[in-house]
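Just upload.cif here, mmCIF, all heavy atoms:
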```cif
data_upload
#
loop_
_atom_site.label_atom_id
_atom_site.label_comp_id
_atom_site.auth_asym_id
_atom_site.auth_seq_id
_atom_site.Cartn_x
_atom_site.Cartn_y
_atom_site.Cartn_z
N MET A 15 38.95 -67.73 1.77
CA MET A 15 40.06 -67.93 2.67
C MET A 15 41.37 -67.83 1.91
O MET A 15 41.46 -68.23 0.76
CB MET A 15 39.97 -69.31 3.31
CG MET A 15 39.05 -69.38 4.47
SD MET A 15 39.34 -70.87 5.39
CE MET A 15 37.71 -71.10 6.01
N ASN A 16 42.36 -67.29 2.57
CA ASN A 16 43.68 -67.23 1.94
C ASN A 16 44.51 -68.44 2.36
O ASN A 16 44.03 -69.33 3.06
CB ASN A 16 44.38 -65.90 2.26
CG ASN A 16 44.72 -65.76 3.74
OD1 ASN A 16 44.64 -66.71 4.52
ND2 ASN A 16 45.12 -64.56 4.13
N TYR A 17 45.76 -68.47 1.94
CA TYR A 17 46.62 -69.62 2.21
C TYR A 17 46.90 -69.82 3.70
O TYR A 17 47.30 -70.91 4.13
CB TYR A 17 47.95 -69.49 1.44
CG TYR A 17 48.86 -68.40 1.97
CD1 TYR A 17 49.88 -68.71 2.86
CD2 TYR A 17 48.70 -67.08 1.58
CE1 TYR A 17 50.71 -67.72 3.35
CE2 TYR A 17 49.53 -66.09 2.06
CZ TYR A 17 50.53 -66.42 2.95
OH TYR A 17 51.35 -65.45 3.43
N MET A 18 46.69 -68.80 4.52
CA MET A 18 46.91 -68.91 5.97
C MET A 18 45.64 -69.29 6.72
O MET A 18 45.65 -69.43 7.93
CB MET A 18 47.46 -67.59 6.51
CG MET A 18 48.82 -67.22 5.95
SD MET A 18 49.39 -65.60 6.47
CE MET A 18 49.36 -65.74 8.24
N GLY A 19 44.54 -69.45 6.00
CA GLY A 19 43.27 -69.79 6.64
C GLY A 19 42.49 -68.59 7.11
O GLY A 19 41.47 -68.73 7.79
N ASP A 20 42.94 -67.38 6.79
CA ASP A 20 42.24 -66.16 7.18
C ASP A 20 41.08 -65.90 6.24
O ASP A 20 41.14 -66.22 5.06
CB ASP A 20 43.17 -64.94 7.14
CG ASP A 20 44.31 -65.06 8.13
OD1 ASP A 20 44.13 -65.74 9.14
OD2 ASP A 20 45.37 -64.45 7.87
N MET A 21 40.03 -65.33 6.78
CA MET A 21 38.86 -65.01 5.97
C MET A 21 38.50 -63.55 6.17
O MET A 21 38.56 -63.04 7.29
CB MET A 21 37.69 -65.89 6.36
CG MET A 21 36.41 -65.58 5.64
SD MET A 21 35.12 -66.68 6.13
CE MET A 21 34.84 -67.49 4.59
N VAL A 22 38.11 -62.89 5.11
CA VAL A 22 37.66 -61.50 5.16
C VAL A 22 36.22 -61.47 4.69
O VAL A 22 35.91 -61.98 3.62
CB VAL A 22 38.53 -60.59 4.27
CG1 VAL A 22 37.99 -59.18 4.25
CG2 VAL A 22 39.97 -60.61 4.74
N ALA A 23 35.35 -60.89 5.49
CA ALA A 23 33.94 -60.75 5.12
C ALA A 23 33.68 -59.29 4.73
O ALA A 23 34.15 -58.37 5.40
CB ALA A 23 33.04 -61.15 6.27
N VAL A 24 32.95 -59.09 3.67
CA VAL A 24 32.63 -57.75 3.17
C VAL A 24 31.13 -57.68 2.94
O VAL A 24 30.52 -58.64 2.47
CB VAL A 24 33.39 -57.46 1.86
CG1 VAL A 24 33.04 -56.10 1.33
CG2 VAL A 24 34.88 -57.61 2.06
N SER A 25 30.54 -56.55 3.26
CA SER A 25 29.11 -56.36 2.98
C SER A 25 28.89 -54.96 2.44
O SER A 25 29.70 -54.06 2.65
CB SER A 25 28.28 -56.59 4.24
OG SER A 25 28.50 -55.56 5.18
N TYR A 26 27.79 -54.80 1.76
CA TYR A 26 27.41 -53.48 1.29
C TYR A 26 25.89 -53.46 1.17
O TYR A 26 25.25 -54.49 1.10
CB TYR A 26 28.06 -53.13 -0.05
CG TYR A 26 27.59 -54.00 -1.20
CD1 TYR A 26 26.54 -53.60 -2.01
CD2 TYR A 26 28.18 -55.23 -1.44
CE1 TYR A 26 26.10 -54.40 -3.05
CE2 TYR A 26 27.75 -56.04 -2.48
CZ TYR A 26 26.72 -55.62 -3.28
OH TYR A 26 26.28 -56.42 -4.29
N GLY A 27 25.33 -52.28 1.19
CA GLY A 27 23.89 -52.14 1.06
C GLY A 27 23.39 -50.97 1.88
O GLY A 27 24.14 -50.28 2.55
N ARG A 28 22.10 -50.79 1.83
CA ARG A 28 21.46 -49.70 2.57
C ARG A 28 21.16 -50.15 3.99
O ARG A 28 20.68 -51.24 4.21
CB ARG A 28 20.17 -49.31 1.86
CG ARG A 28 19.35 -48.32 2.66
CD ARG A 28 18.16 -47.87 1.90
NE ARG A 28 18.59 -46.65 1.25
CZ ARG A 28 17.94 -46.04 0.30
NH1 ARG A 28 16.83 -46.55 -0.17
NH2 ARG A 28 18.38 -44.93 -0.22
N LEU A 29 21.46 -49.29 4.94
CA LEU A 29 21.19 -49.56 6.35
C LEU A 29 20.08 -48.63 6.81
O LEU A 29 20.31 -47.43 7.01
CB LEU A 29 22.45 -49.36 7.20
CG LEU A 29 23.64 -50.27 6.87
CD1 LEU A 29 24.88 -49.81 7.62
CD2 LEU A 29 23.31 -51.70 7.21
N GLU A 30 18.90 -49.13 6.96
CA GLU A 30 17.76 -48.32 7.39
C GLU A 30 17.90 -47.92 8.86
O GLU A 30 18.27 -48.72 9.70
CB GLU A 30 16.45 -49.09 7.19
CG GLU A 30 16.16 -49.46 5.75
CD GLU A 30 15.90 -48.25 4.87
OE1 GLU A 30 15.38 -47.23 5.36
OE2 GLU A 30 16.23 -48.33 3.67
N GLY A 31 17.61 -46.68 9.18
CA GLY A 31 17.63 -46.19 10.55
C GLY A 31 19.02 -45.85 11.07
O GLY A 31 19.19 -45.56 12.24
N ILE A 32 20.03 -45.90 10.22
CA ILE A 32 21.40 -45.59 10.62
C ILE A 32 21.70 -44.16 10.18
O ILE A 32 21.50 -43.79 9.04
CB ILE A 32 22.41 -46.56 9.96
CG1 ILE A 32 22.08 -48.01 10.29
CG2 ILE A 32 23.83 -46.19 10.33
CD1 ILE A 32 22.24 -48.39 11.74
N SER A 33 22.18 -43.33 11.14
CA SER A 33 22.40 -41.93 10.79
C SER A 33 23.85 -41.49 10.86
O SER A 33 24.17 -40.40 10.39
CB SER A 33 21.55 -41.03 11.70
OG SER A 33 21.92 -41.23 13.06
N THR A 34 24.73 -42.31 11.44
CA THR A 34 26.14 -41.92 11.50
C THR A 34 27.02 -43.06 10.98
O THR A 34 26.61 -44.22 10.93
CB THR A 34 26.58 -41.59 12.94
OG1 THR A 34 26.58 -42.78 13.72
CG2 THR A 34 25.69 -40.55 13.57
N VAL A 35 28.23 -42.71 10.65
CA VAL A 35 29.20 -43.70 10.18
C VAL A 35 29.51 -44.70 11.29
O VAL A 35 29.67 -45.89 11.04
CB VAL A 35 30.49 -42.99 9.70
CG1 VAL A 35 31.57 -43.98 9.35
CG2 VAL A 35 30.20 -42.08 8.54
N HIS A 36 29.59 -44.22 12.53
CA HIS A 36 29.88 -45.10 13.65
C HIS A 36 28.77 -46.14 13.85
O HIS A 36 29.05 -47.31 14.11
CB HIS A 36 30.09 -44.28 14.92
CG HIS A 36 31.31 -43.44 14.87
ND1 HIS A 36 31.27 -42.12 14.47
CD2 HIS A 36 32.60 -43.72 15.14
CE1 HIS A 36 32.49 -41.63 14.52
NE2 HIS A 36 33.32 -42.57 14.91
N GLN A 37 27.53 -45.71 13.73
CA GLN A 37 26.41 -46.66 13.85
C GLN A 37 26.47 -47.70 12.73
O GLN A 37 26.22 -48.89 12.97
CB GLN A 37 25.07 -45.92 13.79
CG GLN A 37 24.75 -45.14 15.02
CD GLN A 37 23.45 -44.36 14.86
OE1 GLN A 37 23.14 -43.87 13.77
NE2 GLN A 37 22.71 -44.23 15.95
N ALA A 38 26.79 -47.28 11.53
CA ALA A 38 26.89 -48.21 10.41
C ALA A 38 28.01 -49.21 10.64
O ALA A 38 27.85 -50.41 10.39
CB ALA A 38 27.12 -47.44 9.11
N GLU A 39 29.14 -48.75 11.13
CA GLU A 39 30.28 -49.63 11.38
C GLU A 39 29.94 -50.66 12.45
O GLU A 39 30.24 -51.85 12.31
CB GLU A 39 31.48 -48.80 11.81
CG GLU A 39 32.78 -49.54 11.79
CD GLU A 39 33.36 -49.71 10.40
OE1 GLU A 39 33.04 -48.93 9.50
OE2 GLU A 39 34.15 -50.65 10.22
N LEU A 40 29.31 -50.23 13.53
CA LEU A 40 28.92 -51.16 14.59
C LEU A 40 27.86 -52.15 14.12
O LEU A 40 27.90 -53.32 14.47
CB LEU A 40 28.42 -50.39 15.82
CG LEU A 40 29.49 -49.67 16.62
CD1 LEU A 40 28.86 -48.82 17.71
CD2 LEU A 40 30.47 -50.66 17.21
N SER A 41 26.93 -51.68 13.30
CA SER A 41 25.90 -52.57 12.76
C SER A 41 26.53 -53.65 11.88
O SER A 41 26.19 -54.84 11.99
CB SER A 41 24.89 -51.76 11.97
OG SER A 41 23.95 -52.61 11.36
N ASP A 42 27.45 -53.26 11.01
CA ASP A 42 28.12 -54.23 10.14
C ASP A 42 29.00 -55.19 10.94
O ASP A 42 29.10 -56.37 10.62
CB ASP A 42 28.96 -53.53 9.08
CG ASP A 42 28.10 -52.97 7.96
OD1 ASP A 42 26.95 -53.44 7.82
OD2 ASP A 42 28.56 -52.10 7.23
N LEU A 43 29.65 -54.69 11.99
CA LEU A 43 30.46 -55.56 12.84
C LEU A 43 29.59 -56.61 13.50
O LEU A 43 29.93 -57.79 13.55
CB LEU A 43 31.21 -54.73 13.89
CG LEU A 43 32.06 -55.52 14.87
CD1 LEU A 43 33.15 -56.30 14.15
CD2 LEU A 43 32.66 -54.59 15.92
N ARG A 44 28.42 -56.20 13.99
CA ARG A 44 27.49 -57.13 14.62
C ARG A 44 27.05 -58.22 13.64
O ARG A 44 27.04 -59.41 13.95
CB ARG A 44 26.27 -56.38 15.16
CG ARG A 44 25.25 -57.26 15.81
CD ARG A 44 24.07 -56.42 16.33
NE ARG A 44 23.08 -57.26 16.93
CZ ARG A 44 22.08 -57.83 16.26
NH1 ARG A 44 21.96 -57.65 14.96
NH2 ARG A 44 21.20 -58.59 16.88
N VAL A 45 26.69 -57.80 12.43
CA VAL A 45 26.25 -58.76 11.41
C VAL A 45 27.39 -59.73 11.07
O VAL A 45 27.18 -60.94 10.96
CB VAL A 45 25.77 -58.02 10.14
CG1 VAL A 45 25.58 -58.98 8.98
CG2 VAL A 45 24.49 -57.28 10.43
N GLY A 46 28.60 -59.21 10.95
CA GLY A 46 29.75 -60.06 10.66
C GLY A 46 30.05 -61.05 11.77
O GLY A 46 30.36 -62.22 11.51
N LEU A 47 29.95 -60.61 13.01
CA LEU A 47 30.18 -61.51 14.14
C LEU A 47 29.12 -62.60 14.21
O LEU A 47 29.42 -63.77 14.48
CB LEU A 47 30.22 -60.72 15.45
CG LEU A 47 31.43 -59.80 15.63
CD1 LEU A 47 31.25 -58.95 16.88
CD2 LEU A 47 32.71 -60.59 15.69
N LEU A 48 27.87 -62.24 13.95
CA LEU A 48 26.80 -63.24 13.93
C LEU A 48 27.00 -64.24 12.80
O LEU A 48 26.78 -65.44 12.96
CB LEU A 48 25.43 -62.57 13.82
CG LEU A 48 24.98 -61.80 15.05
CD1 LEU A 48 23.70 -61.01 14.73
CD2 LEU A 48 24.75 -62.73 16.22
N LEU A 49 27.45 -63.75 11.64
CA LEU A 49 27.71 -64.63 10.51
C LEU A 49 28.80 -65.65 10.84
O LEU A 49 28.65 -66.84 10.58
CB LEU A 49 28.13 -63.80 9.28
CG LEU A 49 28.58 -64.59 8.06
CD1 LEU A 49 27.40 -65.31 7.43
CD2 LEU A 49 29.24 -63.67 7.07
N THR A 50 29.89 -65.18 11.42
CA THR A 50 30.98 -66.09 11.74
C THR A 50 30.57 -67.09 12.82
O THR A 50 30.93 -68.26 12.75
CB THR A 50 32.24 -65.34 12.20
OG1 THR A 50 31.91 -64.50 13.30
CG2 THR A 50 32.81 -64.50 11.08
N TYR A 51 29.79 -66.65 13.79
CA TYR A 51 29.31 -67.56 14.84
C TYR A 51 28.40 -68.64 14.24
O TYR A 51 28.53 -69.82 14.55
CB TYR A 51 28.57 -66.76 15.91
CG TYR A 51 28.00 -67.61 17.01
CD1 TYR A 51 28.82 -68.09 18.02
CD2 TYR A 51 26.65 -67.94 17.03
CE1 TYR A 51 28.31 -68.89 19.03
CE2 TYR A 51 26.13 -68.74 18.03
CZ TYR A 51 26.96 -69.21 19.03
OH TYR A 51 26.45 -70.00 20.02
N ASP A 52 27.49 -68.22 13.36
CA ASP A 52 26.56 -69.16 12.74
C ASP A 52 27.29 -70.20 11.87
O ASP A 52 26.85 -71.33 11.74
CB ASP A 52 25.54 -68.43 11.88
CG ASP A 52 24.52 -67.67 12.71
OD1 ASP A 52 24.40 -67.94 13.91
OD2 ASP A 52 23.84 -66.79 12.13
N ARG A 53 28.40 -69.79 11.26
CA ARG A 53 29.17 -70.69 10.39
C ARG A 53 30.17 -71.54 11.17
O ARG A 53 30.82 -72.39 10.61
CB ARG A 53 29.92 -69.89 9.33
CG ARG A 53 29.05 -69.09 8.42
CD ARG A 53 28.39 -69.98 7.37
NE ARG A 53 27.78 -69.20 6.33
CZ ARG A 53 26.48 -69.02 6.21
NH1 ARG A 53 25.66 -69.57 7.05
NH2 ARG A 53 26.00 -68.30 5.23
N GLY A 54 30.32 -71.27 12.46
CA GLY A 54 31.22 -72.07 13.30
C GLY A 54 32.68 -71.66 13.26
O GLY A 54 33.54 -72.42 13.69
N PHE A 55 32.97 -70.45 12.77
CA PHE A 55 34.34 -69.96 12.74
C PHE A 55 34.72 -69.40 14.10
O PHE A 55 33.88 -68.91 14.84
CB PHE A 55 34.53 -68.86 11.70
CG PHE A 55 34.31 -69.30 10.28
CD1 PHE A 55 33.31 -68.73 9.52
CD2 PHE A 55 35.09 -70.28 9.71
CE1 PHE A 55 33.10 -69.12 8.21
CE2 PHE A 55 34.90 -70.69 8.41
CZ PHE A 55 33.90 -70.11 7.66
N SER A 56 36.00 -69.44 14.42
CA SER A 56 36.48 -68.76 15.62
C SER A 56 37.04 -67.40 15.21
O SER A 56 37.65 -67.28 14.15
CB SER A 56 37.55 -69.58 16.32
OG SER A 56 38.68 -69.74 15.50
N ILE A 57 36.84 -66.41 16.04
CA ILE A 57 37.26 -65.05 15.72
C ILE A 57 38.42 -64.69 16.63
O ILE A 57 38.30 -64.74 17.85
CB ILE A 57 36.11 -64.05 15.92
CG1 ILE A 57 34.92 -64.45 15.06
CG2 ILE A 57 36.56 -62.64 15.62
CD1 ILE A 57 33.67 -63.69 15.40
N THR A 58 39.54 -64.32 16.05
CA THR A 58 40.67 -63.88 16.84
C THR A 58 40.88 -62.37 16.74
O THR A 58 41.34 -61.75 17.68
CB THR A 58 41.96 -64.60 16.40
OG1 THR A 58 42.18 -64.39 15.01
CG2 THR A 58 41.87 -66.08 16.67
N VAL A 59 40.50 -61.78 15.60
CA VAL A 59 40.66 -60.33 15.41
C VAL A 59 39.46 -59.80 14.64
O VAL A 59 39.07 -60.38 13.62
CB VAL A 59 41.95 -59.99 14.64
CG1 VAL A 59 42.04 -58.51 14.35
CG2 VAL A 59 43.18 -60.47 15.37
N ALA A 60 38.88 -58.72 15.11
CA ALA A 60 37.84 -58.01 14.37
C ALA A 60 38.30 -56.56 14.25
O ALA A 60 38.69 -55.96 15.24
CB ALA A 60 36.50 -58.09 15.08
N GLU A 61 38.30 -56.03 13.04
CA GLU A 61 38.80 -54.67 12.82
C GLU A 61 37.73 -53.78 12.23
O GLU A 61 36.91 -54.21 11.44
CB GLU A 61 39.99 -54.70 11.85
CG GLU A 61 41.20 -55.41 12.38
CD GLU A 61 42.36 -55.37 11.41
OE1 GLU A 61 42.31 -54.58 10.44
OE2 GLU A 61 43.31 -56.13 11.63
N CYS A 62 37.74 -52.52 12.66
CA CYS A 62 36.88 -51.48 12.09
C CYS A 62 37.77 -50.34 11.66
O CYS A 62 38.70 -49.97 12.36
CB CYS A 62 35.88 -50.98 13.12
SG CYS A 62 34.69 -52.20 13.67
N ASP A 63 37.50 -49.75 10.52
CA ASP A 63 38.36 -48.68 10.04
C ASP A 63 37.88 -47.29 10.43
O ASP A 63 38.57 -46.32 10.20
CB ASP A 63 38.54 -48.77 8.52
CG ASP A 63 37.24 -48.65 7.75
OD1 ASP A 63 36.17 -48.66 8.39
OD2 ASP A 63 37.30 -48.56 6.53
N VAL A 64 36.72 -47.18 11.05
CA VAL A 64 36.18 -45.87 11.37
C VAL A 64 36.40 -45.51 12.85
O VAL A 64 36.56 -44.37 13.19
CB VAL A 64 34.66 -45.82 11.06
CG1 VAL A 64 34.04 -44.54 11.53
CG2 VAL A 64 34.46 -45.99 9.58
N MET A 65 36.41 -46.47 13.70
CA MET A 65 36.45 -46.24 15.14
C MET A 65 37.82 -45.86 15.63
O MET A 65 38.80 -46.28 15.32
CB MET A 65 36.00 -47.48 15.89
CG MET A 65 34.69 -47.98 15.39
SD MET A 65 33.47 -47.43 16.53
CE MET A 65 32.00 -47.78 15.68
#
```

Same coordinates, now as structure tokens:
Amino acid sequence: MNYMGDMVAVSYGRLEGISTVHQAELSDLRVGLLLTYDRGFSITVAECDVM
């Protein structure tokens, strides 16, 4: 977290069954949203750089 309370989540690795950049971006967004929900964070902005 930074001084404003913002958090940035980053992931990397192999995505099995993913054939396009868009599918990979959506898959990572889903994982990130589930992670934040499980940790009890509230989400105000979610950004993707490919879409």

(request) May I have the protein, DNA and RNA residues with an atom at most 3.5 Å from (36.4, -50.6, 10.1), counting all heavy atoms in the file's coordinates, returned as a list in words? (result)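 The distance filter leaves exactly Glu39, Cys62 and Asp63 of chain A.
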
(request) Identify all residues of chain A in helix (DSSP H, G or I) (DSSP on the backbone) and supply them as a ChimeraX atom specification. (result) /A:35-53

On this structure, which residues satisfy the PyMOL selection byres (((chain A and resi 52-56 and name CA) around 12) and name CA), written as a CSV table (one decimal) with all heavy atoms, in the frame of the given file?
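For reference, result.csv as written:
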```
chain,number,residue,atom,x,y,z
A,15,MET,N,39.0,-67.7,1.8
A,15,MET,CA,40.1,-67.9,2.7
A,15,MET,C,41.4,-67.8,1.9
A,15,MET,O,41.5,-68.2,0.8
A,15,MET,CB,40.0,-69.3,3.3
A,15,MET,CG,39.0,-69.4,4.5
A,15,MET,SD,39.3,-70.9,5.4
A,15,MET,CE,37.7,-71.1,6.0
A,19,GLY,N,44.5,-69.4,6.0
A,19,GLY,CA,43.3,-69.8,6.6
A,19,GLY,C,42.5,-68.6,7.1
A,19,GLY,O,41.5,-68.7,7.8
A,20,ASP,N,42.9,-67.4,6.8
A,20,ASP,CA,42.2,-66.2,7.2
A,20,ASP,C,41.1,-65.9,6.2
A,20,ASP,O,41.1,-66.2,5.1
A,20,ASP,CB,43.2,-64.9,7.1
A,20,ASP,CG,44.3,-65.1,8.1
A,20,ASP,OD1,44.1,-65.7,9.1
A,20,ASP,OD2,45.4,-64.4,7.9
A,21,MET,N,40.0,-65.3,6.8
A,21,MET,CA,38.9,-65.0,6.0
A,21,MET,C,38.5,-63.6,6.2
A,21,MET,O,38.6,-63.0,7.3
A,21,MET,CB,37.7,-65.9,6.4
A,21,MET,CG,36.4,-65.6,5.6
A,21,MET,SD,35.1,-66.7,6.1
A,21,MET,CE,34.8,-67.5,4.6
A,22,VAL,N,38.1,-62.9,5.1
A,22,VAL,CA,37.7,-61.5,5.2
A,22,VAL,C,36.2,-61.5,4.7
A,22,VAL,O,35.9,-62.0,3.6
A,22,VAL,CB,38.5,-60.6,4.3
A,22,VAL,CG1,38.0,-59.2,4.2
A,22,VAL,CG2,40.0,-60.6,4.7
A,23,ALA,N,35.4,-60.9,5.5
A,23,ALA,CA,33.9,-60.8,5.1
A,23,ALA,C,33.7,-59.3,4.7
A,23,ALA,O,34.2,-58.4,5.4
A,23,ALA,CB,33.0,-61.2,6.3
A,45,VAL,N,26.7,-57.8,12.4
A,45,VAL,CA,26.2,-58.8,11.4
A,45,VAL,C,27.4,-59.7,11.1
A,45,VAL,O,27.2,-60.9,11.0
A,45,VAL,CB,25.8,-58.0,10.1
A,45,VAL,CG1,25.6,-59.0,9.0
A,45,VAL,CG2,24.5,-57.3,10.4
A,46,GLY,N,28.6,-59.2,11.0
A,46,GLY,CA,29.8,-60.1,10.7
A,46,GLY,C,30.0,-61.0,11.8
A,46,GLY,O,30.4,-62.2,11.5
A,47,LEU,N,30.0,-60.6,13.0
A,47,LEU,CA,30.2,-61.5,14.1
A,47,LEU,C,29.1,-62.6,14.2
A,47,LEU,O,29.4,-63.8,14.5
A,47,LEU,CB,30.2,-60.7,15.4
A,47,LEU,CG,31.4,-59.8,15.6
A,47,LEU,CD1,31.2,-59.0,16.9
A,47,LEU,CD2,32.7,-60.6,15.7
A,48,LEU,N,27.9,-62.2,14.0
A,48,LEU,CA,26.8,-63.2,13.9
A,48,LEU,C,27.0,-64.2,12.8
A,48,LEU,O,26.8,-65.4,13.0
A,48,LEU,CB,25.4,-62.6,13.8
A,48,LEU,CG,25.0,-61.8,15.0
A,48,LEU,CD1,23.7,-61.0,14.7
A,48,LEU,CD2,24.8,-62.7,16.2
A,49,LEU,N,27.4,-63.8,11.6
A,49,LEU,CA,27.7,-64.6,10.5
A,49,LEU,C,28.8,-65.6,10.8
A,49,LEU,O,28.6,-66.8,10.6
A,49,LEU,CB,28.1,-63.8,9.3
A,49,LEU,CG,28.6,-64.6,8.1
A,49,LEU,CD1,27.4,-65.3,7.4
A,49,LEU,CD2,29.2,-63.7,7.1
A,50,THR,N,29.9,-65.2,11.4
A,50,THR,CA,31.0,-66.1,11.7
A,50,THR,C,30.6,-67.1,12.8
A,50,THR,O,30.9,-68.3,12.8
A,50,THR,CB,32.2,-65.3,12.2
A,50,THR,OG1,31.9,-64.5,13.3
A,50,THR,CG2,32.8,-64.5,11.1
A,51,TYR,N,29.8,-66.6,13.8
A,51,TYR,CA,29.3,-67.6,14.8
A,51,TYR,C,28.4,-68.6,14.2
A,51,TYR,O,28.5,-69.8,14.6
A,51,TYR,CB,28.6,-66.8,15.9
A,51,TYR,CG,28.0,-67.6,17.0
A,51,TYR,CD1,28.8,-68.1,18.0
A,51,TYR,CD2,26.6,-67.9,17.0
A,51,TYR,CE1,28.3,-68.9,19.0
A,51,TYR,CE2,26.1,-68.7,18.0
A,51,TYR,CZ,27.0,-69.2,19.0
A,51,TYR,OH,26.4,-70.0,20.0
A,57,ILE,N,36.8,-66.4,16.0
A,57,ILE,CA,37.3,-65.0,15.7
A,57,ILE,C,38.4,-64.7,16.6
A,57,ILE,O,38.3,-64.7,17.8
A,57,ILE,CB,36.1,-64.0,15.9
A,57,ILE,CG1,34.9,-64.4,15.1
A,57,ILE,CG2,36.6,-62.6,15.6
A,57,ILE,CD1,33.7,-63.7,15.4
A,58,THR,N,39.5,-64.3,16.0
A,58,THR,CA,40.7,-63.9,16.8
A,58,THR,C,40.9,-62.4,16.7
A,58,THR,O,41.3,-61.8,17.7
A,58,THR,CB,42.0,-64.6,16.4
A,58,THR,OG1,42.2,-64.4,15.0
A,58,THR,CG2,41.9,-66.1,16.7
A,59,VAL,N,40.5,-61.8,15.6
A,59,VAL,CA,40.7,-60.3,15.4
A,59,VAL,C,39.5,-59.8,14.6
A,59,VAL,O,39.1,-60.4,13.6
A,59,VAL,CB,42.0,-60.0,14.6
A,59,VAL,CG1,42.0,-58.5,14.4
A,59,VAL,CG2,43.2,-60.5,15.4
A,60,ALA,N,38.9,-58.7,15.1
A,60,ALA,CA,37.8,-58.0,14.4
A,60,ALA,C,38.3,-56.6,14.2
A,60,ALA,O,38.7,-56.0,15.2
A,60,ALA,CB,36.5,-58.1,15.1
```

(message) Report, in Å to a single decimal, how far apart atom N of Val24 (chain A) and atom O of Gln37 (chain A) are.
(response)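 Taking atom O of Gln37 (chain A) as the start and atom N of Val24 (chain A) as the end point, the length is 15.4 Å.
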
(request) In Å, rounded to a single decimal, give me how far CA of Met18 (chain A) is from CA of Asp42 (chain A). (result)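 Separation of CA of Asp42 (chain A) and CA of Met18 (chain A): 24.2 Å.
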
(request) Go ahead and compute the interatomic distance for atom O of Ile32 (chain A) and CA of Glu61 (chain A), in Å to one decimal. (result)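 The value is 20.8 Å.
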